[in-house]
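Chemist: This is the structure I want to talk about, given as structure tokens.
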Amino acid sequence: MKPKLLGTLRRRGPVNVFLVALAATIFSVALAASGLAQIKMEIVGPGSRQFQIAISALKDLGADPNHAISDDFVWVLRRDLTLSSFFKIISPEAYIEDPQQSGYKLGEFNFDDWSSINAEFLVKGAVYQDQGKLALEVYLYDVVQRRQALGKRYLGSRDKVAEMARRFADAILEVTTGQRGPFDSKIALVSTGGGRFKEIFTMSVDGRDIYRVTNNNTINLFPSFGRDPNELLYTSYKSGFPALYLVDLAHGREIEIRSRDGEIVDGALSPDGRTIAASIAQSGATNIYLLDRSGTILRTLTHTNSINVGPAFSADGQMIAFTSDRAGTPQIYLTSVNGGPVRRLTYRGDYNTTPAISPKGDRVAYQSRNGNKFDIYLISIKGGEPTRLTNDDASNQHPSWSPDGRYIVYSATRNGSSRLYLMLVETGKIVSALTEGNSYDSSPTWSWWLAQ
Amino acid sequence: MIQVRRGRGGWRNKKVNSAALIFAFLAFALVPSGCSSKKNAAQAGAASSGAPSTLGEQGLTGPSSSSLAQFQRGTLGRSRDTSPLADIHFDFDDYTVRPQDSEILRRNAQWLEAHGNPRVQIEGHCDERGSEEYNIALGAKRAQAAKDYLVTLGVPADRLSTISYGKELPLCTEHTEECYALNRRAHFVVLQ
């Protein structure tokens, strides 16, 4: 299964944001694990040892006769665990037992069938109907210690199977590494969908579950999430002038925030969703203001006659990184939401923009111009020498951090088309292409976890 | 190669309401000859040639279209712009009015005064290099610089509004210096 094209989505016609509301959340129940002693693995650098894991097909208990649900679940789980870099998945061809014949609960199968193929971990589970809902009961077994490491039951509709797999992948990563995985989340982006208008979409981290947020044939830019993945802020020219729009993705309601005295450039939603950092142009100068949700200015965060744009909150909501040309060229600066002093962060390069603060607050990713293209760089929040993360023939822009801080999603532009890629920050390697085709996909922004 | 396609010859038919027609007629009657800009004269276009006494004809000036409206119609950079006011252009990452463009602004100011100072929206645009958000702020500076210049020429400030489209509405999409230079512009839209 390949990531879907945003271009193909467009042909299916607009998806009303109301549809998002109909896609009900899935319910998960943690199943009592026998002995909760967790194995934790230190998150160390690249090249560290990988766990050998077997992912067995799910046993059909009446709800999955053609095993399509199992295939879907296993595909997403395999992908996400592979992306994590912590697991090596043992090929199903090596599996000895028949998942449809053997049991899936502790004591109902033989660990020897798995230790003999060198599996250190094993995923088993079953699919059945429970009170009219689809139920996936899944377990992670520690084959070495012959015990259950994790058990979950997910209840929901058929279209939630991939989300269940993402959530289970995150839980597996949490129980094995101590750090919850980032896959049960979504990415908002700007895409032309193969046409010429930039519209806002959201999609899952595997490029599926694509929803169209805007469909107004104007210009829509700069999607921004707070902690609530159902709320999205963006800039649009749909009313004939640039304004900010705060859309409730679950119910389709939208608030328009316009500036009476100036011109909105862009905005970022604070993690708690209560405030917005917006850059507003007035008499030629663009400054950053802290607004409440009605657009009332609470505080002026920059006061220059130059350009101050691209505000990005830290995860604790206390700090804002932004771009300013106050010293002559665009550089990255930091300030407090309380309006404290402004500190310049970057000194290398003559065009640094589009900062994103890591979830831990220790680093800032940004784009820096090299000739006629951009590359993604990392710099400590304390400053110092930046690290270059991308170095290829594309123009690499718009870095955004995963909620666990291990990945950056960004756009790479080549020959007029632009696609999204996932990079594992610790290696600087692309681990996945998220979109493909001739669409122009840009400005990805990664949400917080869907299940809070 | 700059890939700005001009119109397929001739002056596009445009719906003009009667009020605009009367306004334009009066305007024509009042404009001293030689005052209209080169671009405007070019748009008048259809005046017959060769005959010793020609029938006077001028393109009628209704409200012109914003770049966004042209982009929505798919005509931006592809057909002749309808604005009677000529664009000015900027150097890379710069927003100061170039000396060679001051004459264009002077003609634009004269046209506005001659036409009763209609409301004008000044659009600031950038080339494709640079980040989206920085370019919108830069476009705002360009539009403001053009506005400030027109005000010094006597155009009432309250008739002039600004909007920046950053690099979102290029006239030309080739990745060449010529194309970039064409896209770094302030465009003047007569609102009516």
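Chain identifiers are assigned as A, B, and so on, following the order in which chains appear in the structure tokens; residues are numbered from 1 within each chain, and ligands are numbered from 1 in order of appearance.
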Using only C-alpha atoms and a cut-off of 9 Å, which residues of chain A sit close to chain B? Please list them as a VMD selection string.
Modeler: chain A and resid 196 to 198 217 to 219 221 to 222 237 240 to 242 263 265 to 266 279 to 286 306 to 310 323 to 324 330 351 353 to 354 367 369 372 to 374 397 to 398
Chemist: Those same residues, written as a short mmCIF file (atom, residue, chain, number, x, y, z; two decimals), in the first residue's frame with N, CA and C atoms?
Modeler:
```cif
data_model
loop_
_atom_site.label_atom_id
_atom_site.label_comp_id
_atom_site.auth_asym_id
_atom_site.auth_seq_id
_atom_site.Cartn_x
_atom_site.Cartn_y
_atom_site.Cartn_z
N ARG A 196 -4.07 24.59 -9.19
CA ARG A 196 -3.19 25.74 -8.99
C ARG A 196 -3.44 26.46 -7.68
N PHE A 197 -4.50 26.09 -6.96
CA PHE A 197 -4.80 26.80 -5.72
C PHE A 197 -4.23 26.07 -4.52
N LYS A 198 -3.60 26.82 -3.63
CA LYS A 198 -3.06 26.24 -2.41
C LYS A 198 -4.18 26.09 -1.39
N ASN A 217 -10.49 28.06 -3.58
CA ASN A 217 -9.86 28.56 -4.81
C ASN A 217 -9.23 29.94 -4.65
N THR A 218 -8.63 30.17 -3.47
CA THR A 218 -7.86 31.41 -3.34
C THR A 218 -6.45 31.01 -2.89
N ILE A 219 -5.98 31.58 -1.79
CA ILE A 219 -4.65 31.26 -1.27
C ILE A 219 -4.82 30.90 0.20
N LEU A 221 -2.63 29.31 3.53
CA LEU A 221 -1.23 29.12 3.94
C LEU A 221 -1.10 28.86 5.43
N PHE A 222 0.07 28.42 5.84
CA PHE A 222 0.53 28.39 7.22
C PHE A 222 -0.39 27.67 8.21
N TYR A 237 -6.80 33.98 2.05
CA TYR A 237 -7.25 35.17 1.32
C TYR A 237 -8.68 34.97 0.83
N GLY A 240 -10.92 37.85 0.30
CA GLY A 240 -10.39 38.94 -0.53
C GLY A 240 -9.22 39.66 0.11
N PHE A 241 -8.98 39.36 1.40
CA PHE A 241 -7.83 39.95 2.11
C PHE A 241 -7.32 38.86 3.04
N PRO A 242 -6.06 38.98 3.48
CA PRO A 242 -5.55 37.92 4.34
C PRO A 242 -6.13 38.01 5.75
N GLU A 263 -2.44 44.24 8.18
CA GLU A 263 -2.64 43.13 7.26
C GLU A 263 -2.03 41.88 7.88
N VAL A 265 -0.22 38.49 8.24
CA VAL A 265 0.73 37.72 7.44
C VAL A 265 0.60 36.23 7.78
N ASP A 266 0.85 35.88 9.04
CA ASP A 266 0.69 34.49 9.44
C ASP A 266 0.43 34.41 10.93
N SER A 279 1.71 37.57 13.02
CA SER A 279 2.47 38.69 12.48
C SER A 279 1.54 39.52 11.61
N ILE A 280 1.58 40.82 11.83
CA ILE A 280 0.66 41.74 11.17
C ILE A 280 1.47 42.90 10.58
N ALA A 281 1.24 43.14 9.29
CA ALA A 281 1.94 44.24 8.61
C ALA A 281 1.13 45.52 8.78
N GLN A 282 1.83 46.57 9.13
CA GLN A 282 1.17 47.86 9.27
C GLN A 282 2.15 48.94 8.85
N SER A 283 1.73 49.76 7.90
CA SER A 283 2.59 50.82 7.35
C SER A 283 3.94 50.28 6.92
N GLY A 284 3.94 49.09 6.37
CA GLY A 284 5.18 48.52 5.83
C GLY A 284 5.92 47.64 6.82
N ALA A 285 5.85 47.94 8.11
CA ALA A 285 6.54 47.11 9.09
C ALA A 285 5.65 45.92 9.46
N THR A 286 6.27 44.77 9.74
CA THR A 286 5.50 43.62 10.18
C THR A 286 5.99 43.22 11.57
N SER A 306 11.07 46.85 10.91
CA SER A 306 11.50 45.86 9.93
C SER A 306 10.48 44.73 9.85
N ILE A 307 10.94 43.56 9.43
CA ILE A 307 10.05 42.41 9.25
C ILE A 307 10.22 41.44 10.41
N ASN A 308 9.13 41.07 11.04
CA ASN A 308 9.12 40.04 12.08
C ASN A 308 7.97 39.09 11.73
N VAL A 309 8.30 37.86 11.35
CA VAL A 309 7.27 36.93 10.88
C VAL A 309 7.54 35.52 11.38
N GLY A 310 6.64 34.62 11.04
CA GLY A 310 6.84 33.18 11.28
C GLY A 310 6.93 32.79 12.74
N THR A 323 11.26 34.90 12.72
CA THR A 323 12.25 35.41 11.76
C THR A 323 12.19 36.92 11.75
N SER A 324 13.35 37.56 11.76
CA SER A 324 13.37 39.02 11.64
C SER A 324 14.55 39.46 10.79
N PRO A 330 17.36 38.15 7.04
CA PRO A 330 16.44 37.35 7.86
C PRO A 330 17.22 36.36 8.74
N TYR A 351 20.13 34.04 5.16
CA TYR A 351 18.68 33.99 4.96
C TYR A 351 18.16 32.79 5.74
N THR A 353 15.01 31.29 7.99
CA THR A 353 13.60 31.55 8.30
C THR A 353 12.91 30.27 8.78
N THR A 354 11.61 30.43 9.11
CA THR A 354 10.69 29.33 9.35
C THR A 354 11.14 28.42 10.50
N GLN A 367 15.05 26.79 8.24
CA GLN A 367 15.58 26.64 6.89
C GLN A 367 16.55 27.77 6.61
N ARG A 369 19.15 29.47 3.51
CA ARG A 369 19.36 29.47 2.06
C ARG A 369 20.81 29.15 1.71
N ASN A 372 20.46 29.04 -4.48
CA ASN A 372 19.08 29.21 -4.89
C ASN A 372 18.14 28.22 -4.21
N LYS A 373 18.62 27.55 -3.17
CA LYS A 373 17.76 26.58 -2.50
C LYS A 373 17.91 26.70 -0.99
N PHE A 374 17.02 26.03 -0.29
CA PHE A 374 17.08 26.02 1.16
C PHE A 374 17.49 24.64 1.66
N GLN A 397 12.47 22.70 2.94
CA GLN A 397 11.87 23.80 3.69
C GLN A 397 10.83 23.30 4.69
N HIS A 398 10.37 24.25 5.51
CA HIS A 398 9.23 24.05 6.41
C HIS A 398 9.40 22.90 7.39
#
```
Chemist: Got a sec: who's within 9 Å of Leu191 of chain B, counting only C-alpha atoms, leaving out chain neighbours fewer than 2 positions off, as a list of chain:residue names?
Modeler: B:Gly62, B:Pro63, B:Ser64, B:Ser65, B:Ser66, B:Pro118, B:Arg119, B:Val120, B:Gln121, B:Val189
Chemist: Residues within 12 Å of Glu177 of chain B, please, as a list of chain:residue names. Count only C-alpha atoms; anything in the same chain fewer than 6 positions from it doesn't count.
Modeler: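 Skipping anything fewer than 6 positions along the chain leaves A:Asn372, B:Met1, B:Ile2, B:Asp91, B:Phe92, B:Asp127, B:Glu128, B:Arg129, B:Asn183, B:Arg184.
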Chemist: Take the residues that were just selected and, keeping C-alpha atoms, output them as a PDB file, in the first residue's frame.
Modeler:
```pdb
ATOM      1  CA  ASN A 372      19.077  29.215  -4.888  1.00  0.00           C
TER       2      ASN A 372
ATOM      3  CA  MET B   1      12.955  32.910 -21.608  1.00  0.00           C
ATOM      4  CA  ILE B   2      10.245  34.900 -20.009  1.00  0.00           C
ATOM      5  CA  ASP B  91      15.432  44.861  -6.765  1.00  0.00           C
ATOM      6  CA  PHE B  92      15.934  41.514  -5.050  1.00  0.00           C
ATOM      7  CA  ASP B 127       9.733  36.486  -6.668  1.00  0.00           C
ATOM      8  CA  GLU B 128       9.703  32.798  -5.760  1.00  0.00           C
ATOM      9  CA  ARG B 129      12.906  32.825  -3.763  1.00  0.00           C
ATOM     10  CA  ASN B 183       7.434  39.182 -10.447  1.00  0.00           C
ATOM     11  CA  ARG B 184       8.992  41.626  -7.946  1.00  0.00           C
TER      12      ARG B 184
END
```
Chemist: Measuring atom to atom with only C-alpha atoms, identify which of B:Pro99, B:Leu85, B:Leu76, B:Lys167 is nearest to Cys126 of chain B.
Modeler: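 With only C-alpha atoms as the atom set, the closest residue is B:Lys167.
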Chemist: Name all residues at most 7 Å from Leu233 of chain A (count only C-alpha atoms; drop same-chain ones fewer than 4 positions away) and give them as a ChimeraX atom specification.
Modeler: /A:223-225,244-247,268-269
Chemist: Selection from above, N, CA, C and O atoms, as a compact mmCIF listing (two decimals), in the first residue's frame, can you write it?
Modeler:
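Produced file part.txt, reproduced below:
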```txt
# COMPACT_ATOMS: atom_id res chain seq x y z
N PRO A 223 -0.72 26.40 7.99
CA PRO A 223 -1.51 25.69 9.00
C PRO A 223 -0.72 25.57 10.30
O PRO A 223 0.50 25.40 10.27
N SER A 224 -1.42 25.66 11.42
CA SER A 224 -0.76 25.61 12.73
C SER A 224 -1.66 24.93 13.74
O SER A 224 -2.84 25.28 13.87
N PHE A 225 -1.11 23.92 14.45
CA PHE A 225 -1.85 23.23 15.50
C PHE A 225 -1.43 23.73 16.87
O PHE A 225 -0.26 24.07 17.09
N LEU A 244 -6.82 35.38 9.52
CA LEU A 244 -6.58 34.10 10.17
C LEU A 244 -7.91 33.38 10.36
O LEU A 244 -8.93 34.01 10.63
N TYR A 245 -7.88 32.07 10.24
CA TYR A 245 -9.08 31.27 10.46
C TYR A 245 -8.75 30.17 11.44
O TYR A 245 -7.74 29.48 11.29
N LEU A 246 -9.60 30.05 12.45
CA LEU A 246 -9.41 29.03 13.47
C LEU A 246 -10.55 28.03 13.27
O LEU A 246 -11.71 28.36 13.52
N VAL A 247 -10.22 26.86 12.76
CA VAL A 247 -11.28 25.91 12.38
C VAL A 247 -11.31 24.74 13.35
O VAL A 247 -10.27 24.21 13.75
N ALA A 268 0.39 31.55 14.63
CA ALA A 268 0.62 30.25 15.25
C ALA A 268 -0.31 30.14 16.45
O ALA A 268 -0.48 31.10 17.20
N LEU A 269 -0.92 28.98 16.60
CA LEU A 269 -1.82 28.73 17.72
C LEU A 269 -0.98 28.27 18.91
O LEU A 269 -0.11 27.40 18.76
```
Chemist: Expressed in Å to a single decimal, how great is the separation between atom CA of Ser442 of chain A and atom CA of Val409 of chain A?
Modeler: 10.2 Å
Chemist: For atom CA of Pro271 of chain A and atom CA of Ala312 of chain A, quote the distance in Å rounded to one decimal.
Modeler: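 Rounded to one decimal, the two atoms are 10.2 Å apart.
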Chemist: Take atom CA of Thr346 of chain A and atom CA of Ile379 of chain A and report the distance between them in Å, one decimal.
Modeler: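 For atom CA of Thr346 of chain A relative to atom CA of Ile379 of chain A, the distance reads 7.9 Å.
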Chemist: Determine which residues of segment 57-253 of chain A receive a DSSP assignment of strand (DSSP E), computed from the backbone, and state them as an MDAnalysis selection string.
Modeler: chainID A and resid 59:60 87:89 121:130 133:142 147:156 186:191 199:204 211:212 220:225 231:236 243:248
Chemist: Let's see if you can do this: from backbone DSSP, list all alpha helix (DSSP H) residues in segment 59-185 of chain B, as number ranges by chain.
Modeler: B: 67-73, 102-114, 132-152, 177-183
Chemist: If we count only C-alpha atoms, what is near Pro403 of chain A at a cut-off of 9 Å, once residues fewer than 6 positions away on the same chain are taken out, given as a list in words?
Modeler: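 Once the adjacent positions are removed, what remains is Gly181, Pro182, Phe183, Ser185, Ser358, Pro359, Trp446, Ser447, Trp448 and Trp449 of chain A.
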Chemist: How would the residues just chosen look if you wrote them out with N, CA, C and O atoms as an mmCIF file, in the first residue's frame?
Modeler:
```
data_model
loop_
_atom_site.group_PDB
_atom_site.id
_atom_site.type_symbol
_atom_site.label_atom_id
_atom_site.label_comp_id
_atom_site.auth_asym_id
_atom_site.auth_seq_id
_atom_site.Cartn_x
_atom_site.Cartn_y
_atom_site.Cartn_z
ATOM 1 N N GLY A 181 5.738 6.486 20.898
ATOM 2 C CA GLY A 181 5.946 6.764 19.475
ATOM 3 C C GLY A 181 5.082 7.918 19.001
ATOM 4 O O GLY A 181 4.141 8.318 19.688
ATOM 5 N N PRO A 182 5.363 8.471 17.813
ATOM 6 C CA PRO A 182 4.694 9.685 17.345
ATOM 7 C C PRO A 182 3.597 9.448 16.299
ATOM 8 O O PRO A 182 3.095 10.395 15.711
ATOM 9 N N PHE A 183 3.239 8.191 16.070
ATOM 10 C CA PHE A 183 2.447 7.909 14.858
ATOM 11 C C PHE A 183 0.951 8.172 14.985
ATOM 12 O O PHE A 183 0.271 8.383 14.001
ATOM 13 N N SER A 185 -0.990 10.591 15.300
ATOM 14 C CA SER A 185 -1.020 12.049 15.193
ATOM 15 C C SER A 185 -1.362 12.372 13.750
ATOM 16 O O SER A 185 -1.610 11.461 12.955
ATOM 17 N N SER A 358 11.890 22.385 19.106
ATOM 18 C CA SER A 358 11.672 20.962 19.391
ATOM 19 C C SER A 358 10.748 20.807 20.599
ATOM 20 O O SER A 358 10.687 21.686 21.454
ATOM 21 N N PRO A 359 10.029 19.673 20.686
ATOM 22 C CA PRO A 359 9.097 19.479 21.808
ATOM 23 C C PRO A 359 9.778 19.579 23.174
ATOM 24 O O PRO A 359 9.177 20.065 24.126
ATOM 25 N N TRP A 446 3.101 19.227 12.162
ATOM 26 C CA TRP A 446 2.789 17.976 12.835
ATOM 27 C C TRP A 446 1.972 18.278 14.075
ATOM 28 O O TRP A 446 2.340 19.143 14.868
ATOM 29 N N SER A 447 0.878 17.549 14.261
ATOM 30 C CA SER A 447 0.021 17.776 15.435
ATOM 31 C C SER A 447 0.610 17.103 16.671
ATOM 32 O O SER A 447 1.585 16.350 16.585
ATOM 33 N N TRP A 448 -0.008 17.336 17.793
ATOM 34 C CA TRP A 448 0.259 16.567 19.002
ATOM 35 C C TRP A 448 -0.449 15.223 18.840
ATOM 36 O O TRP A 448 -1.085 14.983 17.816
ATOM 37 N N TRP A 449 -0.347 14.323 19.831
ATOM 38 C CA TRP A 449 -1.006 13.028 19.721
ATOM 39 C C TRP A 449 -2.526 13.185 19.656
ATOM 40 O O TRP A 449 -3.105 14.071 20.301
#
```
Chemist: Residues at most 12 Å from Gly383 of chain A, counting only C-alpha atoms, excluding those fewer than 2 positions away in the same chain, as a list in words?
Modeler: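 Once the adjacent positions are removed, what remains is Ile332, Tyr333, Leu334, Arg343, Arg344, Leu345, Thr346, Tyr347, Arg348, Asp362, Arg363, Val364, Ala365, Leu378, Ile379, Ser380, Ile381, Glu385, Pro386 and Thr387 of chain A.
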Chemist: Which of these residues is nearest to Gln100 of chain A, using only C-alpha atoms: A:Ser417, A:Ser368, A:Asn305, A:Ser56?
Modeler: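 Going through A:Ser417, A:Ser368, A:Asn305, A:Ser56 one by one, the smallest distance to Gln100 of chain A is for A:Ser56.
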Chemist: May I ask which of the residues B:Arg80, B:Tyr180, B:Val155, B:Ala186 is the closest one to Arg98 of chain B, counting only C-alpha atoms?
Modeler: B:Ala186
Chemist: For His187 of chain B, list every protein, DNA or RNA residue within 8 Å, evaluated using only C-alpha atoms, and leave out those in the same chain fewer than 2 positions away; present the list as number ranges by chain.
Modeler: B: 85-88, 122-125, 185, 189
Chemist: Given the selection you just returned, output its residues as a file containing N, CA, C and O atoms, formatted as a CSV table (one decimal), in the first residue's frame.
Modeler:
```csv
chain,number,residue,atom,x,y,z
B,85,LEU,N,-3.0,51.6,-14.8
B,85,LEU,CA,-1.8,52.0,-14.0
B,85,LEU,C,-0.7,51.0,-14.2
B,85,LEU,O,-1.0,49.8,-14.0
B,86,ALA,N,0.5,51.4,-14.6
B,86,ALA,CA,1.6,50.5,-14.8
B,86,ALA,C,2.2,50.0,-13.5
B,86,ALA,O,2.2,50.7,-12.5
B,87,ASP,N,2.7,48.8,-13.6
B,87,ASP,CA,3.4,48.2,-12.4
B,87,ASP,C,4.8,48.9,-12.2
B,87,ASP,O,5.3,49.4,-13.2
B,88,ILE,N,5.3,48.9,-11.0
B,88,ILE,CA,6.7,49.2,-10.8
B,88,ILE,C,7.4,48.0,-10.3
B,88,ILE,O,6.7,47.1,-9.8
B,122,ILE,N,-3.1,48.8,-3.8
B,122,ILE,CA,-1.7,48.6,-4.3
B,122,ILE,C,-1.3,47.2,-3.8
B,122,ILE,O,-1.3,46.9,-2.6
B,123,GLU,N,-0.9,46.3,-4.7
B,123,GLU,CA,-0.5,45.0,-4.4
B,123,GLU,C,1.0,44.9,-4.4
B,123,GLU,O,1.7,45.3,-5.3
B,124,GLY,N,1.5,44.3,-3.3
B,124,GLY,CA,3.0,44.0,-3.3
B,124,GLY,C,3.2,42.5,-3.6
B,124,GLY,O,2.5,41.7,-3.1
B,125,HIS,N,4.2,42.3,-4.5
B,125,HIS,CA,4.5,40.9,-5.0
B,125,HIS,C,6.0,40.7,-4.9
B,125,HIS,O,6.8,41.6,-5.0
B,185,ARG,N,7.1,43.1,-7.9
B,185,ARG,CA,6.4,44.3,-8.5
B,185,ARG,C,5.4,44.8,-7.5
B,185,ARG,O,4.9,44.1,-6.6
B,189,VAL,N,-4.5,48.4,-8.6
B,189,VAL,CA,-5.8,48.0,-9.0
B,189,VAL,C,-6.8,49.1,-8.8
B,189,VAL,O,-6.9,49.6,-7.6
```
